[in-house]
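Input: a single structure, listed below in structure tokens.
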Amino acid sequence: MSTAHESHDTDVDAKSGKTTTGHEWDGIRELNNPLPRWWLWSFYACIVWAVGYWILYPAWPLVSSATPGLLGWNSRTAVQEQLTDLAALRAASSARLNTASLEEIERSPDLLSLARAEGRVAFADNCAPCHGAGGGGAKGFPNLNDDDWLWGGTLAQIQATIAHGIRAGDDEGHQGNMTPFAGVLSRAQISDTADYVRSLAGLVPATDPGAQRGAVVFKANCAVCHGEDGKGKLELGSKNLTDNIWLYGGDKATIMQTIALGRGGVMPAWGTRLPASTIKALTVYVHTLGGGQ
Amino acid sequence: MSAPIRKPDTASTPSLAEEVEEPLYVARRQIYPQSVHGTFRRIKWIILAITLGIYYLLPFVRWDRGPGAPDQAVLMDFPARRFYFFFLEIWPQEFYYVAGLLILASLILFLMNAVAGRVWCGYLCPQTVWTDLFLAIERLIEGDRRERMKADAGPMTLEKFTHKTLKHAIWLLIAWWTGGAWVLYFADAPTLVVELATLQAPTIAYASIFVLTCTTYVLAGHMREQVCTYMCPWPRIQAALTDEYALNVAYRYDRGEPRGSLKKAVLLREAGKPAGDCIDCDQCVAVCPTGVDIRKGSQLDCIQCGLCIDACNTVMDKISRPRNLIAYDSEANFAARAAGKPQVRHLVRPRTLLYVALIAVTGITMLVSLAMRDTEGVAAIHDRNPLFVRMADGAVRNAYTLRIANKQRAERTFLLSVAGVPGGTLDVVGTGGTTDVSVGPDQTRELRVFVTTHTPLDPGVSLPITFLIRDKATGVEAKVPDHFIGP
């Protein structure tokens, strides 16, 4: 067994009657309270364990990877296995979500909490980067909590939007665009139109001369898509301009920018990326965020 | 603080001139505690029987909670997230009761320490109780101290081999039973026993039993006093919590010294010279389960089990000297005797009073809050993103997640309402337009609710609001405060 360091003198401390370890710092010596020998053995056992770990698991870094380890374990396959286990665990509940209609899911407290639980996680994983953690939206990304829907807020419409996306190259997806009017209208016309759009939402009095001039321009250029009353058309995804809920902003400069340069945000088609049961769960989750129709 | 109960033991101190080199690691010195009879041994047997009896049998005690509820008196139901203790049912969010219980336990530990030192270590600690049991079995099979020492020193014989095998087999059996009893606290005991026997029990049950069998066997059979001296933090803490009035197992050196043989003491006394009562028979050392010499004073290794008191009293009776040369005594008493003053007994002192007061406050607070706790509850979380939503018609809406708990064993219907929002209306997702919410027996229900108002609010306002649930049958109410955030 190890003994105190040879090069130092071990001696007996007069006060306690104990030997010292021979270690000395500025005249202060350490009393030797010997550790049990099994403690040392467990320390060696840990070292042996570590060596076994090196051999069995990925350990030593190589140029572009690491030693694979005899067990062949790696974190990627481990995650894959866990995902498989999860799918197996969820099989029964996914089957229930698959067979029930969206309306049935919302009516049954059981299925609703199941769908909302799965939907919440799927939303956080896939949708939150653009729409925000609670679907609160951001500039260019709609708030999913309000009742202003570009492409419809019923369960079926939300499901279609999630599955096929918007301007994402999916044939069944939504395609409409806000056309840029920069070359078509003059700057003054664009300014007048912006005033008129703001008057529709009640931000500018209808008697404003700019708004009155803009009304004419609107009728000629914008009413085709946004409707005579400016309330938008669902099949085109054109925005309702009268409810003071804005996707890009309701200040005059932003509206002028929208008119001049056009808009055309993209939402991926999730139908090819997520299982049908997850799409359904997401649909119910978004529908119950608050704005569902 | 007065001087510690420690007389400098000059005999064992090596002289400076000696060449000393002690190893930094030492092998364990095997301890062979001798059997002993007396008051404290009897107390220890009784406590051992009671504590082990409770531990092994409690899972089988039944407690009727009505249909659909487990009928086990003490049960940690992890899958259902419930803790049952006789008349109590603790939900996960009420786990602070268990924290309170731990606070109470530590305060009682402090009080025990202030009154009579390491009562916990000597009599109640599982390590002590199981070690005591394992020692009793060792003694039963291999004989008392002398026989065991002789057998261990001698060569392997058939008898020694048989004894050792039998001892370890019985140890393992007890260890296995100890692990087995542990898992019974986590599932219905009679069912689990059948499952275990028919190999139908969950893997985790077998794994737990295996691990606890190993720990019991190793800790009580092999590690023994080393758990107390090397692993347990309590001796270190205890030393810092004690004071001069605390009773501790102590050798009364003022009466015992100078120690010497009985004959020598008689001669000295006849010559009119001082002679101690200690006849240096080493019985106190022989019976000690941790192998300390109590005559060296209060020390970390001593668990204060009082067995040396029993051993010494037996000897004192034989030589017709007064008992209690080793006894529960305090430093203050030592000082008083040395100064020729009367005995000091300060059981009631600021330290003990404070502990009793703290125990009373903690205990009463817990009892009152337990007695007054509701069987229903509501919790609310305001949506964090977005904080508020402006609707197409100009209304402002806030969304909340509510969780309603029904702790009764029957389904109840609650009427949900909100107060504090001018013109506010309440909508609940998934109830088909009603604010009546039914919650199943012993369950919680999560709800997404919206509070909407058309009344114009000041910009950036944050109104304090209250969600209220009322049991439709009994009218019992519960509420939770939150905020309504304006545009």
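Scheme for the structure tokens: letters A, B, ... for chains in order shown; per-chain residue numbers from 1; ligand numbers from 1 in order shown.
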Non-local contacts of stretch 44-50 of chain B (10 Å; only C-alpha atoms; under 3 positions in same chain excluded) as a short mmCIF file (atom, residue, chain, number, x, y, z; two decimals) with C-alpha atoms, in the first residue's frame:
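New file around-v3.cif:
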data_model
loop_
_atom_site.label_atom_id
_atom_site.label_comp_id
_atom_site.auth_asym_id
_atom_site.auth_seq_id
_atom_site.Cartn_x
_atom_site.Cartn_y
_atom_site.Cartn_z
CA THR B 39 -31.04 -2.32 30.17
CA PHE B 40 -29.79 -0.76 26.96
CA ARG B 41 -29.42 -4.10 25.20
CA GLY B 53 -41.82 -5.40 12.37
CA ILE B 54 -43.22 -2.16 11.00
CA TYR B 55 -40.93 -2.26 7.98
CA GLY B 122 -27.47 4.09 18.61
CA TYR B 123 -31.03 2.85 18.52
CA LEU B 124 -33.06 3.89 15.49
CA CYS B 125 -30.87 4.22 12.41
CA PRO B 126 -31.58 1.43 9.87
CA THR B 128 -27.65 0.17 13.31
CA VAL B 129 -30.81 -1.93 13.41
CA TRP B 130 -29.89 -4.18 10.48
CA ASP B 132 -27.53 -5.51 15.03
CA LEU B 133 -29.73 -8.15 13.44
CA CYS B 305 -25.74 2.72 21.73
CA GLY B 306 -25.10 2.30 25.47
CA LEU B 307 -23.94 -1.31 25.23
#
- Message: Using only C-alpha atoms and a distance of at most 7 Å, pull out the residues of chain A that contact chain B, as a VMD selection string.
- Response: chain A and resid 1 to 4 10 to 12 17 19 32 34 to 37 106 to 107 109 133 to 136 145 to 148 243 245 288
- Can you tell me, as a ChimeraX atom specification, what residues are no more than 9 Å from A:Arg120 when counting only C-alpha atoms, ignoring any on the same chain fewer than 3 positions away? /A:115-117,123-125,134,281-282,285-286
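Within the 10 Å cut-off around A:Glu235, using only C-alpha atoms and omitting residues fewer than 3 positions from it on the same chain, the listed residues are Leu150, Trp151, Gly152, His174, Gln175, Gly176, Cys225, Gly232 and Ser238 of chain A.
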- Message: I need the residues in stretch 306-409 of chain B that are helix (DSSP H, G or I) according to DSSP; give them as a PyMOL selection string.
- Response: chain B and resi 307-318+331-338+350-371
Export of prior selection with N, CA and C atoms as a compact mmCIF listing (two decimals), in the first residue's frame:
# COMPACT_ATOMS: atom_id res chain seq x y z
N LEU B 307 -24.26 0.08 24.88
CA LEU B 307 -23.94 -1.31 25.23
C LEU B 307 -22.76 -1.37 26.20
N CYS B 308 -21.83 -0.41 26.12
CA CYS B 308 -20.70 -0.39 27.04
C CYS B 308 -21.17 -0.09 28.46
N ILE B 309 -22.28 0.65 28.57
CA ILE B 309 -22.85 0.92 29.91
C ILE B 309 -23.29 -0.41 30.52
N ASP B 310 -24.03 -1.20 29.69
CA ASP B 310 -24.49 -2.51 30.16
C ASP B 310 -23.30 -3.38 30.57
N ALA B 311 -22.26 -3.41 29.72
CA ALA B 311 -21.10 -4.26 29.99
C ALA B 311 -20.42 -3.84 31.29
N CYS B 312 -20.23 -2.54 31.45
CA CYS B 312 -19.51 -2.04 32.62
C CYS B 312 -20.33 -2.26 33.88
N ASN B 313 -21.65 -2.06 33.79
CA ASN B 313 -22.49 -2.27 34.97
C ASN B 313 -22.43 -3.71 35.44
N THR B 314 -22.39 -4.66 34.47
CA THR B 314 -22.28 -6.06 34.84
C THR B 314 -21.00 -6.29 35.64
N VAL B 315 -19.90 -5.68 35.18
CA VAL B 315 -18.62 -5.82 35.86
C VAL B 315 -18.66 -5.15 37.24
N MET B 316 -19.22 -3.94 37.29
CA MET B 316 -19.29 -3.21 38.57
C MET B 316 -20.08 -4.01 39.60
N ASP B 317 -21.19 -4.67 39.12
CA ASP B 317 -21.97 -5.50 40.04
C ASP B 317 -21.12 -6.63 40.59
N LYS B 318 -20.32 -7.23 39.71
CA LYS B 318 -19.49 -8.37 40.13
C LYS B 318 -18.45 -7.97 41.15
N GLU B 331 -21.12 17.11 29.76
CA GLU B 331 -19.88 17.83 30.06
C GLU B 331 -20.07 18.75 31.24
N ALA B 332 -21.27 19.35 31.31
CA ALA B 332 -21.54 20.27 32.42
C ALA B 332 -21.45 19.54 33.75
N ASN B 333 -21.93 18.27 33.75
CA ASN B 333 -21.86 17.47 34.97
C ASN B 333 -20.43 17.16 35.36
N PHE B 334 -19.61 16.86 34.36
CA PHE B 334 -18.19 16.59 34.62
C PHE B 334 -17.55 17.80 35.29
N ALA B 335 -17.86 18.98 34.71
CA ALA B 335 -17.27 20.21 35.25
C ALA B 335 -17.77 20.46 36.66
N ALA B 336 -19.09 20.20 36.88
CA ALA B 336 -19.68 20.44 38.20
C ALA B 336 -19.03 19.53 39.25
N ARG B 337 -18.86 18.25 38.86
CA ARG B 337 -18.24 17.32 39.81
C ARG B 337 -16.81 17.73 40.15
N ALA B 338 -16.10 18.16 39.10
CA ALA B 338 -14.71 18.57 39.31
C ALA B 338 -14.64 19.75 40.27
N PRO B 350 -32.68 26.87 26.56
CA PRO B 350 -33.10 27.56 25.33
C PRO B 350 -33.05 26.65 24.09
N ARG B 351 -32.00 25.85 23.98
CA ARG B 351 -31.85 25.00 22.80
C ARG B 351 -33.00 23.99 22.66
N THR B 352 -33.30 23.28 23.76
CA THR B 352 -34.37 22.28 23.67
C THR B 352 -35.73 22.97 23.51
N LEU B 353 -35.90 24.09 24.22
CA LEU B 353 -37.17 24.83 24.10
C LEU B 353 -37.40 25.27 22.66
N LEU B 354 -36.32 25.77 22.03
CA LEU B 354 -36.43 26.24 20.65
C LEU B 354 -36.82 25.08 19.73
N TYR B 355 -36.16 23.94 19.91
CA TYR B 355 -36.48 22.78 19.06
C TYR B 355 -37.93 22.35 19.26
N VAL B 356 -38.36 22.28 20.53
CA VAL B 356 -39.74 21.87 20.82
C VAL B 356 -40.70 22.87 20.17
N ALA B 357 -40.39 24.16 20.31
CA ALA B 357 -41.27 25.18 19.72
C ALA B 357 -41.34 25.02 18.21
N LEU B 358 -40.18 24.81 17.57
CA LEU B 358 -40.16 24.66 16.11
C LEU B 358 -40.93 23.41 15.67
N ILE B 359 -40.75 22.33 16.46
CA ILE B 359 -41.48 21.09 16.14
C ILE B 359 -42.98 21.34 16.27
N ALA B 360 -43.38 22.05 17.35
CA ALA B 360 -44.79 22.32 17.57
C ALA B 360 -45.35 23.18 16.43
N VAL B 361 -44.62 24.24 16.06
CA VAL B 361 -45.09 25.13 15.00
C VAL B 361 -45.23 24.36 13.68
N THR B 362 -44.17 23.61 13.32
CA THR B 362 -44.22 22.85 12.06
C THR B 362 -45.35 21.83 12.09
N GLY B 363 -45.44 21.10 13.20
CA GLY B 363 -46.44 20.04 13.31
C GLY B 363 -47.85 20.60 13.26
N ILE B 364 -48.09 21.67 14.03
CA ILE B 364 -49.45 22.23 14.07
C ILE B 364 -49.81 22.83 12.72
N THR B 365 -48.84 23.54 12.11
CA THR B 365 -49.10 24.13 10.78
C THR B 365 -49.51 23.03 9.81
N MET B 366 -48.77 21.92 9.83
CA MET B 366 -49.08 20.83 8.90
C MET B 366 -50.44 20.22 9.20
N LEU B 367 -50.71 20.00 10.48
CA LEU B 367 -51.99 19.39 10.86
C LEU B 367 -53.16 20.27 10.45
N VAL B 368 -53.02 21.58 10.76
CA VAL B 368 -54.11 22.50 10.44
C VAL B 368 -54.34 22.55 8.93
N SER B 369 -53.23 22.67 8.19
CA SER B 369 -53.41 22.79 6.74
C SER B 369 -53.92 21.47 6.15
N LEU B 370 -53.53 20.34 6.77
CA LEU B 370 -54.06 19.05 6.30
C LEU B 370 -55.56 18.95 6.57
N ALA B 371 -55.95 19.38 7.78
CA ALA B 371 -57.35 19.28 8.15
C ALA B 371 -58.20 20.21 7.30
- Contacts of A:Gly262 at 10 Å or less, counting only C-alpha atoms, minus same-chain residues fewer than 2 places along, as an MDAnalysis selection string? chainID A and resid 177:182 255:260 264
- Computed interatomic separation between atom CA of B:Gln299 and atom CA of B:Gln238 (Å): 11.1 Å
- Message: For a test of reading the model, state the distance in Å between atom CA of A:Trp41 and atom CA of B:Pro233, rounded to one decimal.
- Response: 21.7 Å
- Message: Neighbouring residues of A:Gly250 were defined as those with any atom within 12 Å, considering only C-alpha atoms; residues of the same chain fewer than 6 positions away were excluded. Please report them as a PyMOL selection string.
- Response: chain A and resi 139+194-204+241-244+256-258
Selection above as a file: N, CA and C atoms, as a PDB file, in the first residue's frame:
ATOM      1  N   LYS A 139     -44.450  39.634 -37.857  1.00  0.00           N
ATOM      2  CA  LYS A 139     -44.649  40.333 -39.116  1.00  0.00           C
ATOM      3  C   LYS A 139     -44.513  39.340 -40.277  1.00  0.00           C
ATOM      4  N   ALA A 194     -53.204  53.798 -49.909  1.00  0.00           N
ATOM      5  CA  ALA A 194     -52.880  53.449 -48.523  1.00  0.00           C
ATOM      6  C   ALA A 194     -53.802  54.192 -47.571  1.00  0.00           C
ATOM      7  N   ASP A 195     -54.064  55.471 -47.840  1.00  0.00           N
ATOM      8  CA  ASP A 195     -54.985  56.239 -46.988  1.00  0.00           C
ATOM      9  C   ASP A 195     -56.370  55.600 -46.999  1.00  0.00           C
ATOM     10  N   TYR A 196     -56.811  55.181 -48.207  1.00  0.00           N
ATOM     11  CA  TYR A 196     -58.149  54.604 -48.312  1.00  0.00           C
ATOM     12  C   TYR A 196     -58.220  53.283 -47.520  1.00  0.00           C
ATOM     13  N   VAL A 197     -57.154  52.433 -47.653  1.00  0.00           N
ATOM     14  CA  VAL A 197     -57.128  51.152 -46.943  1.00  0.00           C
ATOM     15  C   VAL A 197     -57.192  51.402 -45.434  1.00  0.00           C
ATOM     16  N   ARG A 198     -56.444  52.420 -44.990  1.00  0.00           N
ATOM     17  CA  ARG A 198     -56.464  52.727 -43.553  1.00  0.00           C
ATOM     18  C   ARG A 198     -57.832  53.243 -43.118  1.00  0.00           C
ATOM     19  N   SER A 199     -58.532  53.939 -44.036  1.00  0.00           N
ATOM     20  CA  SER A 199     -59.865  54.428 -43.679  1.00  0.00           C
ATOM     21  C   SER A 199     -60.846  53.262 -43.559  1.00  0.00           C
ATOM     22  N   LEU A 200     -60.603  52.183 -44.324  1.00  0.00           N
ATOM     23  CA  LEU A 200     -61.465  51.000 -44.239  1.00  0.00           C
ATOM     24  C   LEU A 200     -61.410  50.389 -42.839  1.00  0.00           C
ATOM     25  N   ALA A 201     -60.212  50.455 -42.226  1.00  0.00           N
ATOM     26  CA  ALA A 201     -60.035  49.885 -40.893  1.00  0.00           C
ATOM     27  C   ALA A 201     -60.328  50.900 -39.793  1.00  0.00           C
ATOM     28  N   GLY A 202     -60.746  52.109 -40.243  1.00  0.00           N
ATOM     29  CA  GLY A 202     -61.104  53.120 -39.250  1.00  0.00           C
ATOM     30  C   GLY A 202     -59.929  53.875 -38.689  1.00  0.00           C
ATOM     31  N   LEU A 203     -58.771  53.782 -39.345  1.00  0.00           N
ATOM     32  CA  LEU A 203     -57.588  54.474 -38.833  1.00  0.00           C
ATOM     33  C   LEU A 203     -57.500  55.908 -39.370  1.00  0.00           C
ATOM     34  N   VAL A 204     -58.194  56.144 -40.476  1.00  0.00           N
ATOM     35  CA  VAL A 204     -58.218  57.477 -41.112  1.00  0.00           C
ATOM     36  C   VAL A 204     -59.694  57.777 -41.378  1.00  0.00           C
ATOM     37  N   LEU A 241     -59.328  43.857 -45.233  1.00  0.00           N
ATOM     38  CA  LEU A 241     -58.634  45.112 -44.915  1.00  0.00           C
ATOM     39  C   LEU A 241     -59.415  45.960 -43.925  1.00  0.00           C
ATOM     40  N   THR A 242     -60.574  45.458 -43.484  1.00  0.00           N
ATOM     41  CA  THR A 242     -61.446  46.315 -42.674  1.00  0.00           C
ATOM     42  C   THR A 242     -61.366  46.039 -41.172  1.00  0.00           C
ATOM     43  N   ASP A 243     -60.658  44.965 -40.771  1.00  0.00           N
ATOM     44  CA  ASP A 243     -60.758  44.575 -39.354  1.00  0.00           C
ATOM     45  C   ASP A 243     -59.605  45.059 -38.482  1.00  0.00           C
ATOM     46  N   ASN A 244     -58.730  45.899 -39.050  1.00  0.00           N
ATOM     47  CA  ASN A 244     -57.614  46.451 -38.262  1.00  0.00           C
ATOM     48  C   ASN A 244     -56.711  45.350 -37.699  1.00  0.00           C
ATOM     49  N   MET A 256     -47.970  51.187 -47.916  1.00  0.00           N
ATOM     50  CA  MET A 256     -47.455  51.646 -49.223  1.00  0.00           C
ATOM     51  C   MET A 256     -46.445  50.641 -49.760  1.00  0.00           C
ATOM     52  N   GLN A 257     -45.614  50.114 -48.859  1.00  0.00           N
ATOM     53  CA  GLN A 257     -44.625  49.115 -49.285  1.00  0.00           C
ATOM     54  C   GLN A 257     -45.327  47.868 -49.806  1.00  0.00           C
ATOM     55  N   THR A 258     -46.378  47.451 -49.086  1.00  0.00           N
ATOM     56  CA  THR A 258     -47.127  46.263 -49.487  1.00  0.00           C
ATOM     57  C   THR A 258     -47.724  46.454 -50.879  1.00  0.00           C
TER      58      THR A 258
END
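For the atom pair formed by atom CA of A:Glu172 and atom CA of A:Glu228, the distance is 27.4 Å, given to one decimal.
Those residues in stretch 75-239 of chain A carrying a DSSP assignment of strand (DSSP E or B), computed from the backbone, are Ala138, Phe141, Ile166, His174 and Met178 of chain A.
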- Item | Within 10 Å of B:Trp171 using only C-alpha atoms, minus same-chain residues under 4 positions, as a VMD selection string | chain B and resid 133 to 135 137 to 138 165 to 167 175 to 177 213 216 to 218 220 to 221
